[in-house]
Amino acid sequence: MSDRRSFLRGLAREVAGATAPPPRPALSDGELERYSRQLIMPEWSERAQRRLRRASVLVVGAGALGSPVALQLAGAGVGRLGIVDGDDVELSNLHRQFLHFTPDVGVPKAHSAAAKLGFLNPEIVVEPYQVRLDAGNAAGLIEGSDLVVDCTDSFQTRYAVNAACCAARVPLVEGGVLGLGGLVMSIRPRETACYRCAFPEAPPDAPSCATAGVLGPAAGVVGSLQALEAMKLLSGIEEPLLDAFLQVDLATYAFLRVGVSRRDDCPDCSGA
Amino acid sequence: MAARTLDISGLTCPMTWVKTKLELEHLAPGDVLTVACAPGEALENVPRSAREAGHDVAVDGTTIRIVRGE
């Protein structure tokens with residue numbers, strides 16, 4: 001009896017399948033409209049959009065680079081965004097950190113950022129982590145992420161993020177900006193050159209934003225390039241900056257792509 | 001070869017092409033999509049976008065017949 005029932009159910013499915021209307025796109029009408037201007041691009045597709053929606057991305061730093069990165073990725077439809085930052089918003093941040101507004105001064109950046117991102121795109125999940133990433137907590141913060149975007153401004157943190165991503169084999173987009181210049185690099189750990197392969201040691205006299213200054217638009221360009229890299233890596237469209245970094249000089253508008261190779265003796269990524 | 005139909009007559013740009021493009025993404029090369037369109041802007045834009053995307057397009061009144069390209 002049960003055999004006959006399952007046969008009939010199968011037959012019913014076949015008949016229904018032959019006449020059923022095509023399956024609806026797996027994106028809601030609201031999502032179709034929200035993402036319509038990227039969905040109509042020949043390079044983009046429903047599949048690319050669904051890959052973004054499935055993705056969990058950790059943005060480390062909600063400052064000058066983290067602002068464009070988080071806003072672009074939230075707007076584009078990345079399903080889950082973690083925002084890591086232990087600092088509070090300061091008045092001197094506002095010229096370049098456009099996730100934060102004057103009334104936010106004194107508010108933790110992670111929470112200020114999460115509030116704006118929630119307004120921008122309520123379809124996604126935003127998780128603020130009010131903590132400074134370091135070598136001790138990096139692995140725990142990165143766990144479960146499909147991709148990390150490093151938007152911090154110190155070499156020490158950058159190396160901690162790189163080491164943790166290499167250990168966990170989580171793809172990473174690195175970035176840095178200073179004055180009118182910057183750098184972007186994507187990493188598939190243990191497949192392509194990592195940040196430490198490209199830059200084995202921090203320069204001894206490395207200036208930071210606090211001492212050297214930066215123009216907001218420069219950070220906006222570099223952060224937007226990082227967001228673009230994240231979207232390329234997550235969706236699989238076009239060529240990300242792997243085994244290479246892009247050096248950006250916004251004084252002259254010179255963009256230089258510099259090839260780099262994995263190092264056999266890299267302490268971060270050669271242990272595979 | 002499969003054939004599908006789509007009604008975009010109640011939609012406005014860019015949703016007319018969004019719906020059409022995503023429907024085409026579900027088809028195999030050579031499959032046919034018949035699109036019911038309202039007169040006006042979409043009847044100009046959707047066939048043009050489909051041709052630019054590499055599909056074969058024929059328009060008959062307000063019906064757009066698209067054969068998916070490679």
# chains A, B, ... in the order shown; residues from 1 in each chain; ligands from 1
$ interface_residues --of "chain B" --to "chain A" --cutoff "9 Å" --atoms "only C-alpha atoms" --output "ChimeraX atom specification"
/B:4-5,14-15,17-19,21-23,25-26,53
$ residues_around --residues "stretch 27-35 of chain B" --least-positions-apart "5" --cutoff "9 Å" --atoms "only C-alpha atoms" --output "ChimeraX atom specification"
/B:1-9,20,55,62-70
$ residues_around --residues "A:Thr211" --least-positions-apart "5" --cutoff "12 Å" --atoms "only C-alpha atoms" --output "list of chain:residue names"
A:Asp153, A:Leu178, A:Gly179, A:Asp205, A:Ala206
$ write_last_selection --atoms "N, CA and C atoms" --output "compact mmCIF listing (two decimals), in the first residue's frame"
# COMPACT_ATOMS: atom_id res chain seq x y z
N ASP A 153 44.32 50.36 11.39
CA ASP A 153 45.34 51.32 10.99
C ASP A 153 46.68 51.08 11.68
N LEU A 178 46.93 56.36 3.82
CA LEU A 178 47.67 57.39 4.52
C LEU A 178 47.82 58.58 3.58
N GLY A 179 47.51 59.75 4.08
CA GLY A 179 47.64 60.93 3.23
C GLY A 179 46.77 60.82 2.01
N ASP A 205 59.65 52.95 11.03
CA ASP A 205 59.19 54.32 11.29
C ASP A 205 57.79 54.56 10.72
N ALA A 206 56.98 53.50 10.73
CA ALA A 206 55.66 53.62 10.09
C ALA A 206 54.82 54.69 10.77
$ atom_distance --atom1 "atom CA of A:Ser235" --atom2 "atom CA of A:Leu52"
6.4 Å
$ residues_around --residues "A:Asp150" --least-positions-apart "4" --cutoff "10 Å" --atoms "only C-alpha atoms" --output "ChimeraX atom specification"
/A:58-62,65-66,69,84,157-158,161-162,172-176,223,226
$ write_last_selection --atoms "N, CA and C atoms" --output "short mmCIF file (atom, residue, chain, number, x, y, z; two decimals), in the first residue's frame"
data_model
loop_
_atom_site.label_atom_id
_atom_site.label_comp_id
_atom_site.auth_asym_id
_atom_site.auth_seq_id
_atom_site.Cartn_x
_atom_site.Cartn_y
_atom_site.Cartn_z
N LEU A 58 33.38 39.61 8.32
CA LEU A 58 33.82 40.35 9.50
C LEU A 58 34.62 41.57 9.04
N VAL A 59 34.14 42.75 9.43
CA VAL A 59 34.85 43.99 9.13
C VAL A 59 35.57 44.42 10.39
N VAL A 60 36.89 44.42 10.33
CA VAL A 60 37.69 44.76 11.51
C VAL A 60 38.06 46.24 11.43
N GLY A 61 37.45 47.03 12.28
CA GLY A 61 37.66 48.47 12.27
C GLY A 61 36.48 49.18 11.62
N ALA A 62 35.88 50.12 12.36
CA ALA A 62 34.73 50.87 11.83
C ALA A 62 35.11 52.34 11.70
N LEU A 65 38.41 53.36 6.76
CA LEU A 65 38.23 52.31 5.75
C LEU A 65 36.97 51.49 6.04
N GLY A 66 36.72 51.24 7.31
CA GLY A 66 35.56 50.43 7.68
C GLY A 66 34.24 51.09 7.29
N VAL A 69 33.67 50.34 3.57
CA VAL A 69 33.57 48.88 3.42
C VAL A 69 32.23 48.39 3.94
N VAL A 84 33.87 44.94 14.17
CA VAL A 84 34.74 44.90 15.33
C VAL A 84 35.42 46.26 15.51
N THR A 157 48.03 45.11 14.38
CA THR A 157 46.71 44.49 14.21
C THR A 157 46.62 43.78 12.87
N ARG A 158 47.18 44.42 11.84
CA ARG A 158 47.13 43.83 10.50
C ARG A 158 47.79 42.45 10.49
N VAL A 161 45.53 39.96 12.28
CA VAL A 161 44.42 39.54 11.42
C VAL A 161 44.93 38.56 10.36
N ASN A 162 46.06 38.90 9.76
CA ASN A 162 46.62 38.04 8.71
C ASN A 162 46.93 36.65 9.26
N LEU A 172 40.88 36.96 3.05
CA LEU A 172 41.10 38.25 3.71
C LEU A 172 41.31 39.33 2.66
N VAL A 173 40.73 40.50 2.90
CA VAL A 173 41.04 41.68 2.10
C VAL A 173 41.76 42.66 3.01
N GLU A 174 43.00 42.96 2.65
CA GLU A 174 43.80 43.92 3.43
C GLU A 174 43.69 45.29 2.79
N GLY A 175 43.91 46.32 3.60
CA GLY A 175 43.91 47.66 3.05
C GLY A 175 44.61 48.62 4.00
N GLY A 176 45.10 49.69 3.45
CA GLY A 176 45.72 50.72 4.27
C GLY A 176 45.65 52.03 3.52
N GLY A 223 38.83 52.18 0.73
CA GLY A 223 37.81 51.33 1.35
C GLY A 223 36.83 50.78 0.30
N GLN A 226 38.42 47.94 -1.34
CA GLN A 226 38.35 46.74 -0.48
C GLN A 226 36.97 46.08 -0.57
#
$ decode --residues "stretch 8-31 of chain B" --atoms "C-alpha atoms" --output "mmCIF file, in the first residue's frame"
data_model
loop_
_atom_site.group_PDB
_atom_site.id
_atom_site.type_symbol
_atom_site.label_atom_id
_atom_site.label_comp_id
_atom_site.auth_asym_id
_atom_site.auth_seq_id
_atom_site.Cartn_x
_atom_site.Cartn_y
_atom_site.Cartn_z
ATOM 1 C CA ILE B 8 6.205 42.295 -16.944
ATOM 2 C CA SER B 9 3.313 44.458 -18.097
ATOM 3 C CA GLY B 10 2.693 45.809 -14.579
ATOM 4 C CA LEU B 11 6.339 46.687 -13.874
ATOM 5 C CA THR B 12 8.469 49.751 -14.477
ATOM 6 C CA CYS B 13 12.164 50.169 -15.337
ATOM 7 C CA PRO B 14 14.522 48.758 -14.089
ATOM 8 C CA MET B 15 12.355 45.910 -12.703
ATOM 9 C CA THR B 16 11.156 45.020 -16.224
ATOM 10 C CA TRP B 17 14.690 44.012 -17.237
ATOM 11 C CA VAL B 18 15.615 42.652 -13.770
ATOM 12 C CA LYS B 19 12.783 40.112 -13.928
ATOM 13 C CA THR B 20 13.509 39.245 -17.548
ATOM 14 C CA LYS B 21 17.270 38.876 -17.000
ATOM 15 C CA LEU B 22 16.840 36.651 -13.930
ATOM 16 C CA GLU B 23 14.315 34.481 -15.766
ATOM 17 C CA LEU B 24 16.808 34.082 -18.620
ATOM 18 C CA GLU B 25 19.494 33.060 -16.108
ATOM 19 C CA HIS B 26 17.347 30.005 -15.313
ATOM 20 C CA LEU B 27 17.177 28.946 -18.978
ATOM 21 C CA ALA B 28 19.623 26.968 -21.082
ATOM 22 C CA PRO B 29 20.992 28.271 -24.402
ATOM 23 C CA GLY B 30 18.313 27.845 -27.067
ATOM 24 C CA ASP B 31 15.426 27.959 -24.588
#
